[in-house]
Structure formats: C-alpha cells, structure tokens
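Okay, structure first, notes after.
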Amino acid sequence: MKDFNWKNPAMLLLAAFIWGSAFVAQSVGMDYVEPLTFNCVRSIVGGLVLIPCIYLLGKLKSPEERAAAAHMDKKTLLIGGVSCGVVLCLASNMQQIGILYTSVGKAGFITALYIVIVPILGLFLKRRCGWKVWMSVAIALVGFYLLCMVGGFSLERGDVYLLICAVLFSVHILVIDHFSPMVDGVKMSCIQFFTCGILSGIAMLIAESPDVKNILAAWLPILYAGVLSSGVAYTLQIVGQKNYNPTVATLLLSLESVFSVLTGWAVLHQKLSARELSGCVLIFIAVILAQLPDKKENKKAA
C-alpha cells in the first residue's frame, strides 16, 4: 500500500498556523505605520532572513543534490520568483486596504473564498478535482460563513478590494503550483519577497509618508511578521505545495482563519460562541476529508 504523504500537508499546516497566530503582530503594526510601509519592510526582512538559510541549506546538500541544483534553469527561477512577488504584492496590499473599510470577520470570509476560486480556475487549466474535494470545499465554505460572518452580508467598498485579493491569492497559489516543481523553493521565496518589498516600497513612496521613527517603533511586530509570517510561512507554502494538489493545499492554508480565532481564544482570552466553534469544526472536517485517500488510489497502490 502506498505510504501517506505527510510532509506536504504538515508544512502547509504549519504555514497556516504561523499566519493565524501572526494577526496580533499585524494589527499592532498598523498602529505605527501605514499598510504599504508595513508590507514593504516586512517583505524586505523576509527576503534578508532567507539569504543565510539558502547558504546553510546549500552546505547541507549532498554532492548529487548540488549537481542537480547547478543544472536548474536560473531564468525559470527568476521568472517564478518575480511572478510570485508581483502577485503577492498586489494580493497582500489589496487585503490590507480592504480591511480598512470592512469588518475583520467579513474580511476573513471573503479572503477565504480562494478555496472556491482555485478549483474553478483549475478547470480552465484542465486540472479537475474529484467529488470528495468539491464536497470539502462546500463544507469549508459553510464553516467559514459560520466562523466569520456575524451579521448579514452586503457588498461594500472594502469588500471589492477583498474579492480582488481572494482572486489574486488564488492566482498566487496556482503560480506557485506551476513553478515550485522546477526550481529551488527557498530561492524562489527569497526572490518573491524582495520583489514584493521593492514594489510595495515604490507604492509607499507615492501614496504614503513613511517615517523611520514609526518604523523603528514598530520593530517587534514588523520583525515577527517579516521573519515568521513572511520568511518562514511563505517558504513553507512554496515547498509544501511542490507536487501537491493545489485545491487541497488551499483547504490546509485556509486553516489560517481558524488558528487566528483559536489563538485569540487561547492567548487573548477572547470568547468563542457556539456558532464560531461549529464553523471551526466544519472546516477541520473539510480538511480531513480532503486528505483521505480515494478508494481507487488504494486499490492501485495495493
């Protein structure tokens, strides 16, 4: 029988946990600096953190792995990293702007719509999903509604930004899915962050008034978001998505919202309603269902 692939889901699950637990740092950072400034600095920090990681990982590689890495197409690596960085820059800044005009709960729900958008976009790329994955997506969508939406749903200005953000994050996942099997994931992630940081920096200088004193005052949340949320988590996403079903990956990554709620309950002692708990349970069920192997696969592997 074929062994269960635990490494990819484990890395994606850890990425979701880091993102979910980082919401405190992100919200505190916004008290000192504006959105583009925050994204610019955190992205540059994320890229800088990965430079020594690339060096150390290179030293740990076997001679065979070094030889294979030397033959990797550097042009593909550069195109992949820049493409991911451009999409990440647009998505993260759209999300940050959208949050300014709408509630956090609604922002979480709309952003999580990428769990539906990814498989739909996949149909155009001739990547079909089985009924089990579609059922998981439907269950997760209901779960996110219960978890994030307290009142009624009405489309407002910020929601449009967040809908664009959800589409862009879906594109980001598919771009990673395309390039990650062909290149070194850590190197591509490093290029991604420097691209995102430079583009956010250009927009920052045009639209905002960055202050060095405010940036230094926000050093702790920026460092946390830059090192863990950016440098570590996004690299885990790229490596974890390598040769892995992108729709199932989105379900695992969507646990970010669940972990943010649970972290608020555990660390900040925020209360969880029965509705929110029901939403968390449904999302966990959806993720577990998506991970279960198909009967046909078991018969072939046996």
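Here, A, B, ... name the chains of the structure tokens in the order displayed, residue numbers run from 1 inside each chain, and ligands are numbered from 1 in the same displayed order.
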
**OP:** Please identify all polymer residues within 10 Å of Tyr244 of chain A, counting only C-alpha atoms, omitting same-chain residues fewer than 2 positions from it, and present them as a ChimeraX atom specification.
**Re:** /A:5,8-9,177,180-181,239-242,246-249

**OP:** Might you pull out every residue within 6 Å of segment 131-143 of chain A, with only C-alpha atoms counted and same-chain residues fewer than 4 positions away left off, and present them as a PyMOL selection string?
**Re:** chain A and resi 279+282-283+286+290

Selected residues written out with all heavy atoms, as a PDB file, in the first residue's frame:
ATOM      1  N   GLY A 279     -18.282  26.453  13.168  1.00  0.00           N
ATOM      2  CA  GLY A 279     -17.545  26.779  11.948  1.00  0.00           C
ATOM      3  C   GLY A 279     -16.165  26.149  11.932  1.00  0.00           C
ATOM      4  O   GLY A 279     -15.737  25.580  10.922  1.00  0.00           O
ATOM      5  N   LEU A 282     -16.468  22.360  11.287  1.00  0.00           N
ATOM      6  CA  LEU A 282     -16.776  22.070   9.879  1.00  0.00           C
ATOM      7  C   LEU A 282     -15.534  22.222   8.986  1.00  0.00           C
ATOM      8  O   LEU A 282     -15.300  21.409   8.088  1.00  0.00           O
ATOM      9  CB  LEU A 282     -17.892  22.997   9.373  1.00  0.00           C
ATOM     10  CG  LEU A 282     -19.314  22.639   9.802  1.00  0.00           C
ATOM     11  CD1 LEU A 282     -20.285  23.707   9.322  1.00  0.00           C
ATOM     12  CD2 LEU A 282     -19.723  21.277   9.265  1.00  0.00           C
ATOM     13  N   ILE A 283     -14.744  23.257   9.243  1.00  0.00           N
ATOM     14  CA  ILE A 283     -13.538  23.476   8.430  1.00  0.00           C
ATOM     15  C   ILE A 283     -12.533  22.352   8.666  1.00  0.00           C
ATOM     16  O   ILE A 283     -11.920  21.845   7.714  1.00  0.00           O
ATOM     17  CB  ILE A 283     -12.905  24.847   8.744  1.00  0.00           C
ATOM     18  CG1 ILE A 283     -13.870  25.963   8.351  1.00  0.00           C
ATOM     19  CG2 ILE A 283     -11.587  25.020   7.988  1.00  0.00           C
ATOM     20  CD1 ILE A 283     -13.506  27.321   8.897  1.00  0.00           C
ATOM     21  N   ALA A 286     -13.677  19.346   6.792  1.00  0.00           N
ATOM     22  CA  ALA A 286     -13.429  19.515   5.350  1.00  0.00           C
ATOM     23  C   ALA A 286     -11.974  19.212   5.011  1.00  0.00           C
ATOM     24  O   ALA A 286     -11.679  18.537   4.014  1.00  0.00           O
ATOM     25  CB  ALA A 286     -13.786  20.934   4.922  1.00  0.00           C
ATOM     26  N   ALA A 290     -10.565  16.025   2.738  1.00  0.00           N
ATOM     27  CA  ALA A 290      -9.746  16.236   1.540  1.00  0.00           C
ATOM     28  C   ALA A 290      -8.448  15.445   1.589  1.00  0.00           C
ATOM     29  O   ALA A 290      -7.880  15.106   0.550  1.00  0.00           O
ATOM     30  CB  ALA A 290      -9.439  17.721   1.372  1.00  0.00           C
TER      31      ALA A 290
END

Considering only C-alpha atoms, return as a PDB file with all heavy atoms, in the first residue's frame whatever protein or nucleic-acid residues lie within 7 Å of Gln192 of chain A, sequence-local ones (same chain, fewer than 3 positions apart) excluded.
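Written file, selection_0.pdb:
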ATOM      1  N   GLY A  81      10.118  33.557  -9.266  1.00  0.00           N
ATOM      2  CA  GLY A  81      10.194  34.395  -8.077  1.00  0.00           C
ATOM      3  C   GLY A  81       9.572  35.759  -8.278  1.00  0.00           C
ATOM      4  O   GLY A  81       8.824  36.249  -7.417  1.00  0.00           O
ATOM      5  N   VAL A  82       9.860  36.379  -9.414  1.00  0.00           N
ATOM      6  CA  VAL A  82       9.301  37.703  -9.709  1.00  0.00           C
ATOM      7  C   VAL A  82       7.783  37.612  -9.900  1.00  0.00           C
ATOM      8  O   VAL A  82       7.036  38.476  -9.409  1.00  0.00           O
ATOM      9  CB  VAL A  82       9.969  38.314 -10.967  1.00  0.00           C
ATOM     10  CG1 VAL A  82       9.249  39.586 -11.390  1.00  0.00           C
ATOM     11  CG2 VAL A  82      11.442  38.603 -10.705  1.00  0.00           C
ATOM     12  N   CYS A  84       5.687  35.397  -8.595  1.00  0.00           N
ATOM     13  CA  CYS A  84       5.074  35.209  -7.276  1.00  0.00           C
ATOM     14  C   CYS A  84       5.095  36.512  -6.482  1.00  0.00           C
ATOM     15  O   CYS A  84       4.129  36.850  -5.795  1.00  0.00           O
ATOM     16  CB  CYS A  84       5.820  34.122  -6.504  1.00  0.00           C
ATOM     17  SG  CYS A  84       5.554  32.447  -7.099  1.00  0.00           S
ATOM     18  N   GLY A  85       6.205  37.260  -6.579  1.00  0.00           N
ATOM     19  CA  GLY A  85       6.335  38.507  -5.843  1.00  0.00           C
ATOM     20  C   GLY A  85       5.356  39.575  -6.285  1.00  0.00           C
ATOM     21  O   GLY A  85       4.783  40.287  -5.458  1.00  0.00           O
ATOM     22  N   MET A 188      13.304  30.725  -4.650  1.00  0.00           N
ATOM     23  CA  MET A 188      12.169  31.400  -5.279  1.00  0.00           C
ATOM     24  C   MET A 188      11.426  32.273  -4.267  1.00  0.00           C
ATOM     25  O   MET A 188      10.986  33.380  -4.586  1.00  0.00           O
ATOM     26  CB  MET A 188      11.204  30.386  -5.906  1.00  0.00           C
ATOM     27  CG  MET A 188      10.086  31.056  -6.708  1.00  0.00           C
ATOM     28  SD  MET A 188       9.089  29.917  -7.698  1.00  0.00           S
ATOM     29  CE  MET A 188       8.000  29.247  -6.437  1.00  0.00           C
ATOM     30  N   SER A 189      11.318  31.790  -3.033  1.00  0.00           N
ATOM     31  CA  SER A 189      10.663  32.562  -1.989  1.00  0.00           C
ATOM     32  C   SER A 189      11.438  33.833  -1.682  1.00  0.00           C
ATOM     33  O   SER A 189      10.856  34.911  -1.477  1.00  0.00           O
ATOM     34  CB  SER A 189      10.528  31.717  -0.719  1.00  0.00           C
ATOM     35  OG  SER A 189       9.809  32.402   0.272  1.00  0.00           O
ATOM     36  N   THR A 195      10.995  41.141  -4.459  1.00  0.00           N
ATOM     37  CA  THR A 195      10.129  41.735  -5.484  1.00  0.00           C
ATOM     38  C   THR A 195       8.942  42.438  -4.835  1.00  0.00           C
ATOM     39  O   THR A 195       8.626  43.586  -5.166  1.00  0.00           O
ATOM     40  CB  THR A 195       9.616  40.651  -6.452  1.00  0.00           C
ATOM     41  OG1 THR A 195      10.726  39.999  -7.071  1.00  0.00           O
ATOM     42  CG2 THR A 195       8.729  41.264  -7.534  1.00  0.00           C
ATOM     43  N   CYS A 196       8.291  41.745  -3.898  1.00  0.00           N
ATOM     44  CA  CYS A 196       7.134  42.307  -3.190  1.00  0.00           C
ATOM     45  C   CYS A 196       7.544  43.554  -2.400  1.00  0.00           C
ATOM     46  O   CYS A 196       6.831  44.567  -2.400  1.00  0.00           O
ATOM     47  CB  CYS A 196       6.540  41.252  -2.250  1.00  0.00           C
ATOM     48  SG  CYS A 196       5.092  41.811  -1.328  1.00  0.00           S
TER      49      CYS A 196
END

**OP:** Enter the distance from atom CA of Leu78 of chain A to atom CA of Arg66 of chain A, in Å, rounded to one decimal.
**Re:**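 Distance reported for this atom pair: 18.6 Å.
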
Original post:
Excluding same-chain residues fewer than 3 positions from segment 95-98 of chain A, what lies within 10 Å of it counting only C-alpha atoms, as an MDAnalysis selection string?
Top reply: chainID A and resid 26 30 34:36 38:39 90:92 101:104 107:108 110:111 156:166 168:169

Could the residues in this selection be saved with C-alpha atoms as a PDB file, in the first residue's frame?
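result-v6.pdb was written with the following content:
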ATOM      1  CA  GLN A  26      -0.072  42.708  12.076  1.00  0.00           C
ATOM      2  CA  MET A  30      -0.829  49.123  11.868  1.00  0.00           C
ATOM      3  CA  GLU A  34       0.580  52.519   7.102  1.00  0.00           C
ATOM      4  CA  PRO A  35      -0.251  49.326   5.130  1.00  0.00           C
ATOM      5  CA  LEU A  36       2.199  49.744   2.210  1.00  0.00           C
ATOM      6  CA  PHE A  38       4.319  47.639   6.766  1.00  0.00           C
ATOM      7  CA  ASN A  39       4.233  45.255   3.771  1.00  0.00           C
ATOM      8  CA  LEU A  90      -0.960  43.036  -5.214  1.00  0.00           C
ATOM      9  CA  ALA A  91      -2.856  40.482  -3.070  1.00  0.00           C
ATOM     10  CA  SER A  92      -1.417  41.466   0.327  1.00  0.00           C
ATOM     11  CA  TYR A 101     -13.149  49.646   5.055  1.00  0.00           C
ATOM     12  CA  THR A 102     -14.800  46.498   6.388  1.00  0.00           C
ATOM     13  CA  SER A 103     -15.005  44.257   9.446  1.00  0.00           C
ATOM     14  CA  VAL A 104     -12.279  41.723  10.220  1.00  0.00           C
ATOM     15  CA  ALA A 107     -12.544  40.236   5.516  1.00  0.00           C
ATOM     16  CA  GLY A 108     -11.660  36.736   6.712  1.00  0.00           C
ATOM     17  CA  ILE A 110     -14.133  36.970   1.622  1.00  0.00           C
ATOM     18  CA  THR A 111     -10.392  36.220   1.597  1.00  0.00           C
ATOM     19  CA  GLU A 156     -19.351  47.448   0.401  1.00  0.00           C
ATOM     20  CA  ARG A 157     -16.291  49.348  -0.858  1.00  0.00           C
ATOM     21  CA  GLY A 158     -13.769  47.313   1.134  1.00  0.00           C
ATOM     22  CA  ASP A 159     -15.382  44.045   0.035  1.00  0.00           C
ATOM     23  CA  VAL A 160     -14.486  44.761  -3.600  1.00  0.00           C
ATOM     24  CA  TYR A 161     -10.806  45.088  -2.649  1.00  0.00           C
ATOM     25  CA  LEU A 162     -11.036  41.816  -0.699  1.00  0.00           C
ATOM     26  CA  LEU A 163     -12.713  39.981  -3.576  1.00  0.00           C
ATOM     27  CA  ILE A 164      -9.850  41.085  -5.824  1.00  0.00           C
ATOM     28  CA  CYS A 165      -7.473  39.959  -3.068  1.00  0.00           C
ATOM     29  CA  ALA A 166      -9.100  36.481  -2.977  1.00  0.00           C
ATOM     30  CA  LEU A 168      -5.074  37.262  -6.565  1.00  0.00           C
ATOM     31  CA  PHE A 169      -4.241  34.831  -3.746  1.00  0.00           C
TER      32      PHE A 169
END

**OP:** Find the spatial neighbours of segment 216-229 of chain A, counting only C-alpha atoms, within a cut-off of 9 Å - ignore same-chain residues fewer than 4 positions away - and output them as a ChimeraX atom specification.
**Re:** /A:15,18-33,38-39,41-50,211-212,233-234

Subject >> Proximity to Leu77 of chain A - best of A:Val167, A:Ile176, A:Ile206, A:Leu252, only C-alpha atoms >> reply: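 Result for the nearest residue to Leu77 of chain A: A:Ile176.
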
Original post:
Quick one: distance from atom CA of Thr37 of chain A to atom CA of Leu205 of chain A in Å, one decimal?
Top reply: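 Answer for the atom CA of Thr37 of chain A to atom CA of Leu205 of chain A separation: 8.6 Å.
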
**OP:** In Å, rounded to a single decimal, give me how far atom CA of Ser278 of chain A is from atom CA of Phe17 of chain A.
**Re:**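 Between atom CA of Phe17 of chain A and atom CA of Ser278 of chain A the gap is 19.1 Å.
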